[in-house]
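Q: Provided below: target_6.tsv, containing TSV, C-alpha atoms and all ligand atoms.
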```
chain	number	residue	atom	x	y	z
A	1	MET	CA	3.72	19.67	-11.26
A	2	LYS	CA	3.98	17.67	-8.09
A	3	THR	CA	1.25	18.04	-5.52
A	4	THR	CA	2.06	17.58	-1.87
A	5	ILE	CA	-0.65	15.44	-0.42
A	6	LYS	CA	0.62	14.83	3.06
A	7	ILE	CA	3.36	16.23	5.19
A	8	LEU	CA	4.46	14.47	8.31
A	9	GLY	CA	6.82	15.55	11.03
A	10	ALA	CA	8.23	18.99	11.42
A	11	GLY	CA	11.14	21.10	10.28
A	12	CYS	CA	13.50	20.37	7.42
A	13	ALA	CA	13.47	16.65	8.13
A	14	ALA	CA	9.74	16.45	7.42
A	15	LEU	CA	8.62	13.55	5.32
A	16	ALA	CA	6.74	14.84	2.35
A	17	LEU	CA	4.74	12.38	0.33
A	18	VAL	CA	3.95	13.74	-3.07
A	19	ALA	CA	2.00	12.34	-5.96
A	20	GLY	CA	4.31	12.52	-8.92
A	21	GLY	CA	1.94	14.18	-11.40
A	22	ALA	CA	2.75	12.92	-14.86
A	23	PHE	CA	5.45	10.68	-13.44
A	24	ALA	CA	3.25	8.89	-10.93
A	25	GLY	CA	2.91	5.15	-11.19
A	26	PRO	CA	5.26	2.55	-12.55
A	27	ASP	CA	6.34	2.74	-16.20
A	28	ASP	CA	5.70	0.26	-19.00
A	29	ASP	CA	9.29	-0.47	-20.02
A	30	VAL	CA	10.45	-4.02	-20.57
A	31	LEU	CA	13.34	-5.49	-18.59
A	32	SER	CA	15.39	-7.58	-20.93
A	33	ILE	CA	18.88	-8.69	-19.93
A	34	ASP	CA	21.06	-10.02	-22.72
A	35	GLY	CA	17.93	-10.84	-24.69
A	36	GLU	CA	16.20	-12.61	-21.82
A	37	VAL	CA	12.94	-10.95	-20.79
A	38	ILE	CA	12.39	-10.88	-17.04
A	39	ALA	CA	8.79	-11.02	-15.75
A	40	THR	CA	8.40	-7.70	-13.94
A	41	LYS	CA	4.60	-7.44	-14.02
A	42	VAL	CA	2.64	-10.54	-13.20
A	43	LYS	CA	-0.84	-11.47	-12.11
A	44	ALA	CA	-1.06	-11.85	-8.35
A	45	LYS	CA	-2.22	-15.14	-6.88
A	46	GLU	CA	-5.62	-15.12	-5.24
A	47	GLY	CA	-5.61	-13.74	-1.73
A	48	ASN	CA	-2.62	-11.48	-2.32
A	49	PRO	CA	-3.38	-8.17	-0.55
A	50	ILE	CA	-1.54	-6.23	-3.26
A	51	GLY	CA	-4.42	-6.70	-5.68
A	52	ASP	CA	-4.32	-7.78	-9.32
A	53	THR	CA	-0.83	-7.03	-10.51
A	54	LEU	CA	2.56	-7.45	-8.90
A	55	ILE	CA	5.06	-4.91	-10.17
A	56	SER	CA	8.79	-5.12	-9.71
A	57	GLY	CA	10.59	-2.19	-8.09
A	58	TRP	CA	12.52	-1.86	-11.36
A	59	HIS	CA	9.51	-0.11	-12.93
A	60	TYR	CA	9.68	2.68	-10.36
A	61	ARG	CA	13.26	3.67	-11.09
A	62	ASN	CA	14.38	6.25	-13.62
A	63	ASP	CA	15.68	5.31	-17.07
A	64	GLU	CA	19.37	5.59	-16.15
A	65	THR	CA	19.02	3.34	-13.12
A	66	GLN	CA	16.91	0.88	-15.11
A	67	ALA	CA	19.52	0.76	-17.87
A	68	LEU	CA	22.24	-0.31	-15.43
A	69	GLN	CA	20.31	-3.51	-14.79
A	70	MET	CA	19.75	-4.29	-18.46
A	71	ASP	CA	23.33	-5.17	-19.23
A	72	ASP	CA	25.56	-7.27	-16.99
A	73	PHE	CA	28.61	-5.28	-18.11
A	74	ASP	CA	27.00	-2.06	-16.88
A	75	ASN	CA	25.51	-3.59	-13.74
A	76	PRO	CA	27.91	-2.60	-10.93
A	77	ALA	CA	26.79	-5.64	-8.92
A	78	PHE	CA	28.60	-7.95	-11.31
A	79	VAL	CA	31.94	-7.17	-9.73
A	80	TYR	CA	30.52	-9.01	-6.71
A	81	VAL	CA	29.21	-11.87	-8.83
A	82	GLN	CA	32.72	-12.37	-10.19
A	83	LEU	CA	34.21	-12.25	-6.73
A	84	GLY	CA	31.55	-14.72	-5.60
A	85	GLU	CA	32.56	-17.14	-8.32
A	86	GLU	CA	36.20	-16.89	-7.22
A	87	LEU	CA	35.25	-17.49	-3.58
A	88	TRP	CA	33.07	-20.43	-4.61
A	89	ASN	CA	36.15	-22.08	-6.06
A	90	THR	CA	38.59	-21.17	-3.27
A	91	ALA	CA	39.45	-23.62	-0.49
A	92	GLU	CA	38.85	-22.20	3.00
A	93	GLY	CA	38.66	-23.20	6.64
A	94	GLU	CA	39.84	-26.35	8.38
A	95	SER	CA	38.13	-28.60	5.85
A	96	GLY	CA	40.53	-27.29	3.23
A	97	GLN	CA	37.65	-27.50	0.76
A	98	SER	CA	35.97	-25.00	-1.48
A	99	CYS	CA	32.21	-24.65	-1.92
A	100	ALA	CA	32.73	-26.21	-5.34
A	101	ASP	CA	34.47	-29.27	-3.89
A	102	CYS	CA	31.20	-30.26	-2.22
A	103	HIS	CA	28.54	-28.51	-4.29
A	104	GLY	CA	30.09	-28.78	-7.73
A	105	ASP	CA	29.09	-26.35	-10.44
A	106	ALA	CA	26.92	-23.63	-8.89
A	107	THR	CA	25.13	-23.00	-12.18
A	108	GLU	CA	23.64	-26.48	-11.66
A	109	SER	CA	23.58	-27.11	-7.91
A	110	MET	CA	22.41	-23.65	-6.82
A	111	LYS	CA	19.90	-23.06	-9.60
A	112	GLY	CA	16.45	-22.25	-8.23
A	113	LEU	CA	17.55	-21.92	-4.61
A	114	ARG	CA	17.19	-18.13	-4.39
A	115	ALA	CA	13.64	-18.32	-5.81
A	116	ARG	CA	12.53	-20.47	-2.85
A	117	MET	CA	14.15	-18.47	-0.05
A	118	PRO	CA	13.62	-18.39	2.87
A	119	THR	CA	13.18	-22.11	3.55
A	120	TRP	CA	12.65	-24.11	6.73
A	121	SER	CA	15.76	-25.27	8.55
A	122	GLU	CA	15.38	-28.34	10.74
A	123	VAL	CA	18.70	-27.50	12.36
A	124	GLY	CA	17.77	-23.92	13.16
A	125	GLN	CA	14.07	-24.68	13.73
A	126	LYS	CA	13.25	-21.51	11.84
A	127	PRO	CA	13.18	-20.19	8.30
A	128	TRP	CA	16.58	-19.37	6.91
A	129	GLY	CA	17.38	-17.00	4.10
A	130	LEU	CA	20.38	-17.50	1.86
A	131	GLU	CA	22.76	-15.74	4.25
A	132	GLN	CA	21.86	-18.17	7.05
A	133	TRP	CA	22.31	-21.19	4.76
A	134	ILE	CA	25.66	-19.92	3.54
A	135	ASN	CA	26.91	-19.23	7.05
A	136	TRP	CA	25.68	-22.57	8.37
A	137	SER	CA	27.43	-24.47	5.58
A	138	ARG	CA	30.60	-22.44	6.00
A	139	ILE	CA	30.76	-23.22	9.71
A	140	GLU	CA	29.34	-26.76	9.71
A	141	HIS	CA	30.86	-28.18	6.53
A	142	GLN	CA	33.70	-25.93	5.43
A	143	LYS	CA	34.82	-25.31	9.02
A	144	ALA	CA	35.42	-21.69	8.19
A	145	SER	CA	34.42	-18.52	10.05
A	146	GLU	CA	30.98	-16.93	10.10
A	147	LEU	CA	30.52	-14.04	7.68
A	148	LYS	CA	28.80	-10.77	8.48
A	149	TRP	CA	25.71	-10.37	6.27
A	150	ASP	CA	26.91	-7.21	4.61
A	151	SER	CA	30.56	-8.20	4.32
A	152	GLN	CA	32.03	-8.23	0.81
A	153	GLU	CA	32.45	-12.02	0.92
A	154	MET	CA	28.88	-12.76	1.99
A	155	LEU	CA	27.41	-10.33	-0.53
A	156	ALA	CA	29.57	-11.81	-3.26
A	157	LEU	CA	28.61	-15.42	-2.47
A	158	ASN	CA	24.97	-14.40	-2.08
A	159	ALA	CA	24.97	-12.57	-5.44
A	160	TYR	CA	26.73	-15.44	-7.20
A	161	ILE	CA	24.27	-18.03	-5.85
A	162	SER	CA	21.25	-15.76	-6.42
A	163	VAL	CA	22.04	-14.98	-10.05
A	164	GLN	CA	21.75	-18.70	-10.82
A	165	SER	CA	17.99	-18.26	-10.25
A	166	ARG	CA	17.62	-15.10	-12.28
A	167	GLY	CA	14.44	-15.16	-14.35
A	168	MET	CA	12.86	-17.92	-12.26
A	169	PRO	CA	9.57	-17.15	-10.48
A	170	VAL	CA	9.64	-16.56	-6.72
A	171	GLU	CA	7.78	-19.44	-5.06
A	172	VAL	CA	7.96	-19.84	-1.30
A	173	ASP	CA	6.64	-22.55	0.97
A	174	ILE	CA	4.54	-21.30	3.87
A	175	SER	CA	3.18	-24.66	5.00
A	176	GLY	CA	3.82	-26.60	8.21
A	177	PRO	CA	6.01	-24.80	10.74
A	178	LEU	CA	6.50	-21.92	8.29
A	179	GLU	CA	2.90	-20.84	8.63
A	180	ALA	CA	3.40	-19.34	12.08
A	181	TRP	CA	6.38	-17.34	10.75
A	182	TRP	CA	4.32	-16.14	7.78
A	183	LYS	CA	1.61	-14.97	10.21
A	184	LYS	CA	4.20	-13.19	12.34
A	185	GLY	CA	5.56	-11.53	9.22
A	186	GLU	CA	2.10	-10.41	8.19
A	187	GLU	CA	1.45	-8.98	11.64
A	188	LEU	CA	4.72	-7.03	11.59
A	189	TYR	CA	4.00	-5.79	8.04
A	190	TYR	CA	0.87	-4.06	9.28
A	191	THR	CA	2.26	-2.89	12.63
A	192	ARG	CA	2.81	0.86	12.81
A	193	THR	CA	6.11	1.96	14.34
A	194	GLY	CA	8.11	5.05	15.09
A	195	GLN	CA	7.26	8.70	15.47
A	196	LEU	CA	5.62	8.64	12.06
A	197	ASP	CA	3.39	5.76	13.08
A	198	PHE	CA	3.90	4.07	9.72
A	199	ALA	CA	3.73	0.38	8.89
A	200	CYS	CA	5.37	-1.29	5.89
A	201	ALA	CA	1.88	-1.25	4.38
A	202	SER	CA	1.55	2.53	4.84
A	203	CYS	CA	4.35	3.20	2.40
A	204	HIS	CA	4.22	0.18	0.10
A	205	GLU	CA	0.43	-0.34	-0.07
A	206	ASP	CA	-1.29	2.94	0.77
A	207	TYR	CA	1.24	5.31	-0.79
A	208	ASN	CA	2.51	3.04	-3.52
A	209	GLY	CA	3.29	5.06	-6.66
A	210	MET	CA	3.86	8.29	-4.73
A	211	TYR	CA	7.11	10.00	-3.97
A	212	LEU	CA	8.79	10.03	-0.60
A	213	ARG	CA	11.31	12.83	-0.97
A	214	SER	CA	12.86	11.89	-4.32
A	215	ASP	CA	12.12	8.19	-3.95
A	216	HIS	CA	9.29	6.62	-5.93
A	217	LEU	CA	7.47	4.18	-3.64
A	218	SER	CA	7.20	0.68	-5.09
A	219	GLN	CA	5.28	-2.36	-3.84
A	220	GLY	CA	8.39	-3.26	-1.85
A	221	HIS	CA	9.32	-6.63	-3.34
A	222	THR	CA	12.35	-8.69	-2.40
A	223	ASN	CA	13.12	-10.37	-5.76
A	224	GLY	CA	16.11	-8.12	-6.53
A	225	PHE	CA	18.20	-8.83	-3.42
A	226	PRO	CA	21.05	-8.70	-2.81
A	227	LEU	CA	21.01	-5.54	-4.87
A	228	TYR	CA	23.24	-2.63	-5.78
A	229	ARG	CA	22.03	0.69	-4.43
A	230	LEU	CA	23.47	3.86	-5.88
A	231	LYS	CA	23.00	5.45	-2.46
A	232	TRP	CA	25.12	2.73	-0.84
A	233	GLN	CA	27.66	2.72	-3.66
A	234	GLY	CA	27.63	-1.01	-3.23
A	235	LEU	CA	25.67	-4.19	-2.85
A	236	GLY	CA	23.48	-4.73	0.20
A	237	SER	CA	21.34	-7.39	1.82
A	238	LEU	CA	17.57	-7.34	2.10
A	239	HIS	CA	17.81	-6.98	5.87
A	240	ARG	CA	19.98	-3.90	5.46
A	241	ARG	CA	17.31	-2.36	3.21
A	242	LEU	CA	14.56	-3.23	5.71
A	243	THR	CA	16.56	-1.66	8.51
A	244	GLY	CA	16.59	1.57	6.49
A	245	CYS	CA	12.85	1.33	5.82
A	246	VAL	CA	12.07	1.02	9.52
A	247	GLN	CA	14.50	3.84	10.37
A	248	ASP	CA	12.54	6.04	7.95
A	249	THR	CA	9.61	5.82	10.35
A	250	ARG	CA	12.03	6.98	13.07
A	251	ALA	CA	11.69	3.71	14.93
A	252	GLU	CA	14.45	1.52	16.36
A	253	PRO	CA	15.00	-1.02	13.55
A	254	TYR	CA	15.01	-4.77	14.10
A	255	PRO	CA	18.60	-6.00	13.85
A	256	VAL	CA	19.92	-7.66	10.70
A	257	ALA	CA	19.48	-11.46	10.97
A	258	SER	CA	16.78	-11.07	13.67
A	259	ASP	CA	13.73	-13.32	13.83
A	260	GLU	CA	11.54	-10.29	13.11
A	261	LEU	CA	13.25	-9.49	9.83
A	262	THR	CA	13.31	-13.18	8.88
A	263	ALA	CA	9.53	-13.41	9.44
A	264	ILE	CA	9.07	-10.26	7.36
A	265	GLU	CA	11.38	-11.69	4.69
A	266	LEU	CA	9.17	-14.79	4.39
A	267	TYR	CA	5.95	-12.79	4.30
A	268	VAL	CA	7.17	-10.26	1.75
A	269	ALA	CA	8.64	-12.99	-0.49
A	270	TRP	CA	5.17	-14.58	-0.44
A	271	ARG	CA	3.58	-11.28	-1.51
A	272	GLY	CA	5.94	-11.24	-4.48
A	273	GLN	CA	5.32	-14.83	-5.63
A	274	GLY	CA	5.38	-15.12	-9.40
A	275	LEU	CA	7.73	-12.20	-10.00
A	276	SER	CA	11.07	-13.24	-11.44
A	277	VAL	CA	14.23	-13.28	-9.39
A	278	GLU	CA	16.15	-10.19	-10.54
A	279	ALA	CA	19.15	-10.48	-8.27
A	280	PRO	CA	21.46	-8.69	-8.39
A	281	ALA	CA	19.17	-5.74	-9.21
A	282	VAL	CA	20.13	-2.06	-9.30
A	283	ARG	CA	18.16	0.56	-7.41
A	284	GLN	CA	18.50	4.21	-6.51
B	1	LIG	C1	32.56	-30.16	3.08
B	1	LIG	C2	31.46	-30.00	2.14
B	1	LIG	C3	30.83	-28.64	2.01
B	1	LIG	C4	31.47	-27.43	1.81
B	1	LIG	C5	32.95	-27.15	1.73
B	1	LIG	C6	30.39	-26.46	1.64
B	1	LIG	N1	29.19	-27.05	1.76
B	1	LIG	FE1	27.38	-26.15	1.58
B	1	LIG	N2	26.43	-27.85	2.14
B	1	LIG	C7	27.05	-29.06	2.36
B	1	LIG	C8	26.06	-30.03	2.79
B	1	LIG	C9	26.35	-31.47	3.16
B	1	LIG	C10	24.84	-29.34	2.84
B	1	LIG	C11	23.50	-29.91	3.30
B	1	LIG	C12	22.94	-30.83	2.32
B	1	LIG	C13	21.97	-30.12	1.53
B	1	LIG	O1	20.97	-29.69	2.10
B	1	LIG	O2	22.23	-29.94	0.32
B	1	LIG	C14	25.09	-28.00	2.38
B	1	LIG	C15	24.13	-27.02	2.23
B	1	LIG	C16	24.36	-25.75	1.68
B	1	LIG	C17	23.33	-24.80	1.32
B	1	LIG	C18	21.83	-25.01	1.46
B	1	LIG	C19	21.34	-25.72	0.23
B	1	LIG	C20	19.86	-25.97	0.20
B	1	LIG	O3	19.43	-26.69	-0.71
B	1	LIG	O4	19.13	-25.46	1.06
B	1	LIG	C21	23.97	-23.72	0.80
B	1	LIG	C22	23.31	-22.45	0.28
B	1	LIG	C23	25.38	-23.98	0.87
B	1	LIG	N3	25.58	-25.23	1.39
B	1	LIG	C24	26.33	-23.08	0.43
B	1	LIG	C25	27.68	-23.30	0.57
B	1	LIG	C26	28.69	-22.31	0.27
B	1	LIG	C27	28.43	-20.91	-0.27
B	1	LIG	C28	29.90	-22.87	0.55
B	1	LIG	C29	31.27	-22.23	0.47
B	1	LIG	C30	31.42	-20.99	1.22
B	1	LIG	C31	29.64	-24.22	1.02
B	1	LIG	N4	28.29	-24.44	1.03
B	1	LIG	C32	30.62	-25.12	1.39
B	1	LIG	C33	28.40	-29.32	2.19
B	1	LIG	C34	29.38	-28.38	1.99
B	2	LIG	C1	8.39	5.61	5.38
B	2	LIG	C2	8.10	4.79	4.22
B	2	LIG	C3	8.55	3.34	4.24
B	2	LIG	C4	8.21	2.38	5.16
B	2	LIG	C5	7.39	2.52	6.40
B	2	LIG	C6	8.80	1.15	4.66
B	2	LIG	N1	9.47	1.37	3.50
B	2	LIG	FE1	10.29	-0.03	2.29
B	2	LIG	N2	10.96	1.41	1.04
B	2	LIG	C7	10.70	2.76	1.18
B	2	LIG	C8	11.32	3.45	0.08
B	2	LIG	C9	11.28	4.96	-0.15
B	2	LIG	C10	11.98	2.48	-0.70
B	2	LIG	C11	12.77	2.71	-2.01
B	2	LIG	C12	11.82	2.88	-3.16
B	2	LIG	C13	10.94	1.68	-3.35
B	2	LIG	O1	11.37	0.69	-3.98
B	2	LIG	O2	9.82	1.68	-2.82
B	2	LIG	C14	11.72	1.21	-0.08
B	2	LIG	C15	12.16	-0.01	-0.56
B	2	LIG	C16	11.81	-1.23	-0.06
B	2	LIG	C17	12.19	-2.51	-0.64
B	2	LIG	C18	13.06	-2.70	-1.88
B	2	LIG	C19	12.22	-2.76	-3.12
B	2	LIG	C20	13.04	-2.89	-4.37
B	2	LIG	O3	12.48	-3.34	-5.39
B	2	LIG	O4	14.21	-2.54	-4.36
B	2	LIG	C21	11.63	-3.48	0.14
B	2	LIG	C22	11.74	-4.97	-0.05
B	2	LIG	C23	10.91	-2.80	1.20
B	2	LIG	N3	11.03	-1.46	1.05
B	2	LIG	C24	10.20	-3.45	2.19
B	2	LIG	C25	9.68	-2.81	3.31
B	2	LIG	C26	9.16	-3.51	4.48
B	2	LIG	C27	9.05	-5.01	4.61
B	2	LIG	C28	8.79	-2.54	5.38
B	2	LIG	C29	8.33	-2.73	6.80
B	2	LIG	C30	9.27	-3.39	7.68
B	2	LIG	C31	9.03	-1.26	4.75
B	2	LIG	N4	9.59	-1.46	3.52
B	2	LIG	C32	8.71	-0.05	5.33
B	2	LIG	C33	9.94	3.35	2.14
B	2	LIG	C34	9.36	2.70	3.21
```
In structure tokens, what does this structure look like?

A:
Amino acid sequence: MKTTIKILGAGCAALALVAGGAFAGPDDDVLSIDGEVIATKVKAKEGNPIGDTLISGWHYRNDETQALQMDDFDNPAFVYVQLGEELWNTAEGESGQSCADCHGDATESMKGLRARMPTWSEVGQKPWGLEQWINWSRIEHQKASELKWDSQEMLALNAYISVQSRGMPVEVDISGPLEAWWKKGEELYYTRTGQLDFACASCHEDYNGMYLRSDHLSQGHTNGFPLYRLKWQGLGSLHRRLTGCVQDTRAEPYPVASDELTAIELYVAWRGQGLSVEAPAVRQ
């Protein structure tokens, strides 16, 4: 039996948060992909507002969705990984060079990069996530066109580069000029927006483990992105997901690639430090 503990809004579009009775809370399954166990529950570093244990969003999904991520042949995101590998090796732009011509074998040169994202860019004078780095290198070095963040090509390149860090712990730098961005991200994380007057923390801290409609609220980690969402029937960027989260509060979302979402990306990656990179994950 599910018990409705809070109902917000009015009419059929009301947001109902329900405690999931016997199904509340994350499960104890083990995420093993081709025999490799991925760390999905880890001890939080001191000072992490989440508390003792960081739990991957994978634990909040149902068995069928979880299973899709346990085998690369079943994982629908791997179509993109394959496309990403092809693009990596394809010459493009005025340089006439492929990513591989300059960066070599991605399994070597790109290993660990996703785990550290976002990182400081001297050129941009701001933190850049993987999409920004890919676009910058495409324009600056490859002399090719900019890619939209949720275009097939960007998602494919992002997934291909990200999977090279799968299983590695998320570890972000928040020192030097990044500190101000981390602070901004923290501030935004606790800022209430929209008609519902909800902050990120309302859903992912206060109501963690409860159900929002049919969706089981996780701690809201970023280690699975870019990820395949069954609802999207495709792969999507972290910023796309965050746009949806903010829209759920019935607020005007920050645009994809905006400074606000980049600051949030840095802050939320920091909250998830120690969890393994799962990209490309599968979610509901
Ligand atoms: C003409 C050579 C060249 C081509 C082609 C090229 N890059 Fe780069 N790329 C560079 C250089 C030079 C840098 C900056 C040096 C560095 O930081 O490693 C860089 C940096 C990057 C970074 C940031 C790495 C880091 O450590 O932060 C990423 C990601 C990247 N490139 C991805 C790509 C992708 C994806 C492609 C193909 C779409 C591509 N690059 C094509 C030369 C190239
Ligand atoms: C109205 C409730 C609500 C608010 C507010 C909200 N989210 Fe979410 N968020 C969800 C739901 C529902 C999901 C999908 C289930 C889950 O993983 O929690 C989700 C998923 C996520 C995920 C993906 C987790 C995964 O493992 O796939 C991230 C990251 C995330 N949210 C971050 C944020 C951030 C950052 C904010 C503030 C900008 C925010 N959310 C605001 C409801 C919310």

Q: So how far away is atom CA of A:Glu278 from atom C4 of ligand LIG 1 (chain B), in Å?

A: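 Computing the Euclidean distance for atom C4 of ligand LIG 1 (chain B) and atom CA of A:Glu278 yields 26.2 Å.
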
Q: Using all atoms listed in the file, I'd like a table of the residues in stretch 159-237 of chain A that come within 9 Å of stretch 50-61 of chain A; for each, show the closest atom pair and its distance in Å rounded to one decimal, ordered by chain and ascending number, as JSON lines.

A:
```
{"residue": "A:Glu205", "atom": "CA", "partner": "A:Ile50", "partner_atom": "CA", "distance": 7.0}
{"residue": "A:Gly209", "atom": "CA", "partner": "A:Tyr60", "partner_atom": "CA", "distance": 7.8}
{"residue": "A:Asp215", "atom": "CA", "partner": "A:Arg61", "partner_atom": "CA", "distance": 8.5}
{"residue": "A:His216", "atom": "CA", "partner": "A:Tyr60", "partner_atom": "CA", "distance": 5.9}
{"residue": "A:Leu217", "atom": "CA", "partner": "A:Tyr60", "partner_atom": "CA", "distance": 7.2}
{"residue": "A:Ser218", "atom": "CA", "partner": "A:Gly57", "partner_atom": "CA", "distance": 5.4}
{"residue": "A:Gln219", "atom": "CA", "partner": "A:Gly57", "partner_atom": "CA", "distance": 6.8}
{"residue": "A:Gly220", "atom": "CA", "partner": "A:Gly57", "partner_atom": "CA", "distance": 6.7}
{"residue": "A:His221", "atom": "CA", "partner": "A:Ser56", "partner_atom": "CA", "distance": 6.6}
{"residue": "A:Thr222", "atom": "CA", "partner": "A:Gly57", "partner_atom": "CA", "distance": 8.8}
{"residue": "A:Asn223", "atom": "CA", "partner": "A:Ser56", "partner_atom": "CA", "distance": 7.9}
{"residue": "A:Gly224", "atom": "CA", "partner": "A:Gly57", "partner_atom": "CA", "distance": 8.3}
```

Q: Find, counting all atoms listed in the file, the residue in A:Gly272, A:Gly176, A:Gly129, A:Gly47 that gets nearest to ligand LIG 2 (chain B).

A: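 So, comparing all the options, the nearest one is A:Gly272.
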
Q: Find the residues of chain A that sit at most 6 Å from ligand LIG 1 (chain B); for each, write down the nearest two atoms and how far apart they are in Å, to one decimal. Count all atoms listed in the file. Sort by chain, then by number going up, and give it as a Markdown table.

A:
```
| residue | atom | partner | partner_atom | distance |
| --- | --- | --- | --- | --- |
| A:Trp88 | CA | B:LIG1 | C29 | 5.7 |
| A:Gln97 | CA | B:LIG1 | C5 | 4.8 |
| A:Ser98 | CA | B:LIG1 | C5 | 4.9 |
| A:Cys99 | CA | B:LIG1 | C29 | 3.5 |
| A:Cys102 | CA | B:LIG1 | C2 | 4.4 |
| A:Leu130 | CA | B:LIG1 | C22 | 6.0 |
| A:Trp133 | CA | B:LIG1 | C22 | 4.8 |
| A:Ile134 | CA | B:LIG1 | C24 | 4.5 |
| A:Ser137 | CA | B:LIG1 | FE1 | 4.3 |
| A:Arg138 | CA | B:LIG1 | C30 | 5.1 |
| A:His141 | CA | B:LIG1 | C1 | 4.3 |
| A:Gln142 | CA | B:LIG1 | C5 | 4.0 |
| A:Leu157 | CA | B:LIG1 | C27 | 5.9 |
```

Q: What is the atom CA of A:Leu113-atom CA of A:Ser165 distance in Å, reported with one decimal?

A: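 Atom-to-atom, atom CA of A:Leu113 to atom CA of A:Ser165, that is 6.7 Å.
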
Q: Within 8 Å of ligand LIG 2 (chain B), counting all atoms listed in the file, which protein or nucleic acid residues do you find, written as number ranges by chain?

A: A: 15, 56-58, 60-61, 188-190, 196, 198-204, 208, 211-213, 215-225, 227, 238, 241-246, 248-249, 261, 264-265, 268, 281-284

Q: Deliver the residues from the most recent selection as a file, using C-alpha atoms, as an mmCIF file, in the frame of the given file.

A:
```cif
data_model
loop_
_atom_site.group_PDB
_atom_site.id
_atom_site.type_symbol
_atom_site.label_atom_id
_atom_site.label_comp_id
_atom_site.auth_asym_id
_atom_site.auth_seq_id
_atom_site.Cartn_x
_atom_site.Cartn_y
_atom_site.Cartn_z
ATOM 1 C CA LEU A 15 8.620 13.550 5.320
ATOM 2 C CA SER A 56 8.790 -5.120 -9.710
ATOM 3 C CA GLY A 57 10.590 -2.190 -8.090
ATOM 4 C CA TRP A 58 12.520 -1.860 -11.360
ATOM 5 C CA TYR A 60 9.680 2.680 -10.360
ATOM 6 C CA ARG A 61 13.260 3.670 -11.090
ATOM 7 C CA LEU A 188 4.720 -7.030 11.590
ATOM 8 C CA TYR A 189 4.000 -5.790 8.040
ATOM 9 C CA TYR A 190 0.870 -4.060 9.280
ATOM 10 C CA LEU A 196 5.620 8.640 12.060
ATOM 11 C CA PHE A 198 3.900 4.070 9.720
ATOM 12 C CA ALA A 199 3.730 0.380 8.890
ATOM 13 C CA CYS A 200 5.370 -1.290 5.890
ATOM 14 C CA ALA A 201 1.880 -1.250 4.380
ATOM 15 C CA SER A 202 1.550 2.530 4.840
ATOM 16 C CA CYS A 203 4.350 3.200 2.400
ATOM 17 C CA HIS A 204 4.220 0.180 0.100
ATOM 18 C CA ASN A 208 2.510 3.040 -3.520
ATOM 19 C CA TYR A 211 7.110 10.000 -3.970
ATOM 20 C CA LEU A 212 8.790 10.030 -0.600
ATOM 21 C CA ARG A 213 11.310 12.830 -0.970
ATOM 22 C CA ASP A 215 12.120 8.190 -3.950
ATOM 23 C CA HIS A 216 9.290 6.620 -5.930
ATOM 24 C CA LEU A 217 7.470 4.180 -3.640
ATOM 25 C CA SER A 218 7.200 0.680 -5.090
ATOM 26 C CA GLN A 219 5.280 -2.360 -3.840
ATOM 27 C CA GLY A 220 8.390 -3.260 -1.850
ATOM 28 C CA HIS A 221 9.320 -6.630 -3.340
ATOM 29 C CA THR A 222 12.350 -8.690 -2.400
ATOM 30 C CA ASN A 223 13.120 -10.370 -5.760
ATOM 31 C CA GLY A 224 16.110 -8.120 -6.530
ATOM 32 C CA PHE A 225 18.200 -8.830 -3.420
ATOM 33 C CA LEU A 227 21.010 -5.540 -4.870
ATOM 34 C CA LEU A 238 17.570 -7.340 2.100
ATOM 35 C CA ARG A 241 17.310 -2.360 3.210
ATOM 36 C CA LEU A 242 14.560 -3.230 5.710
ATOM 37 C CA THR A 243 16.560 -1.660 8.510
ATOM 38 C CA GLY A 244 16.590 1.570 6.490
ATOM 39 C CA CYS A 245 12.850 1.330 5.820
ATOM 40 C CA VAL A 246 12.070 1.020 9.520
ATOM 41 C CA ASP A 248 12.540 6.040 7.950
ATOM 42 C CA THR A 249 9.610 5.820 10.350
ATOM 43 C CA LEU A 261 13.250 -9.490 9.830
ATOM 44 C CA ILE A 264 9.070 -10.260 7.360
ATOM 45 C CA GLU A 265 11.380 -11.690 4.690
ATOM 46 C CA VAL A 268 7.170 -10.260 1.750
ATOM 47 C CA ALA A 281 19.170 -5.740 -9.210
ATOM 48 C CA VAL A 282 20.130 -2.060 -9.300
ATOM 49 C CA ARG A 283 18.160 0.560 -7.410
ATOM 50 C CA GLN A 284 18.500 4.210 -6.510
#
```

Q: As an exercise, work out the distance from atom CA of A:Phe73 to atom CA of A:Ser162 in Å and give it to one decimal place.

A: 17.3 Å

Q: Select from stretch 115-176 of chain A every residue with an atom at most 12 Å from any atom of stretch 34-45 of chain A, then for each give the shortest pair of atoms and their distance in Å to one decimal, using all atoms listed in the file, rows by chain and rising number, as a tab-separated table.

A:
```
residue	atom	partner	partner_atom	distance
A:Ser165	CA	A:Ile38	CA	11.5
A:Arg166	CA	A:Ile38	CA	8.2
A:Gly167	CA	A:Ile38	CA	5.5
A:Met168	CA	A:Ile38	CA	8.5
A:Pro169	CA	A:Ala39	CA	8.1
A:Val170	CA	A:Ala39	CA	10.6
A:Glu171	CA	A:Lys45	CA	11.0
```

Q: Using all atoms listed in the file, which residue out of A:Asp74, A:Glu94, A:Asp28, A:Glu186 lies closest to A:Asn48?

A: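 For A:Asn48, the nearest of the candidates is A:Glu186.
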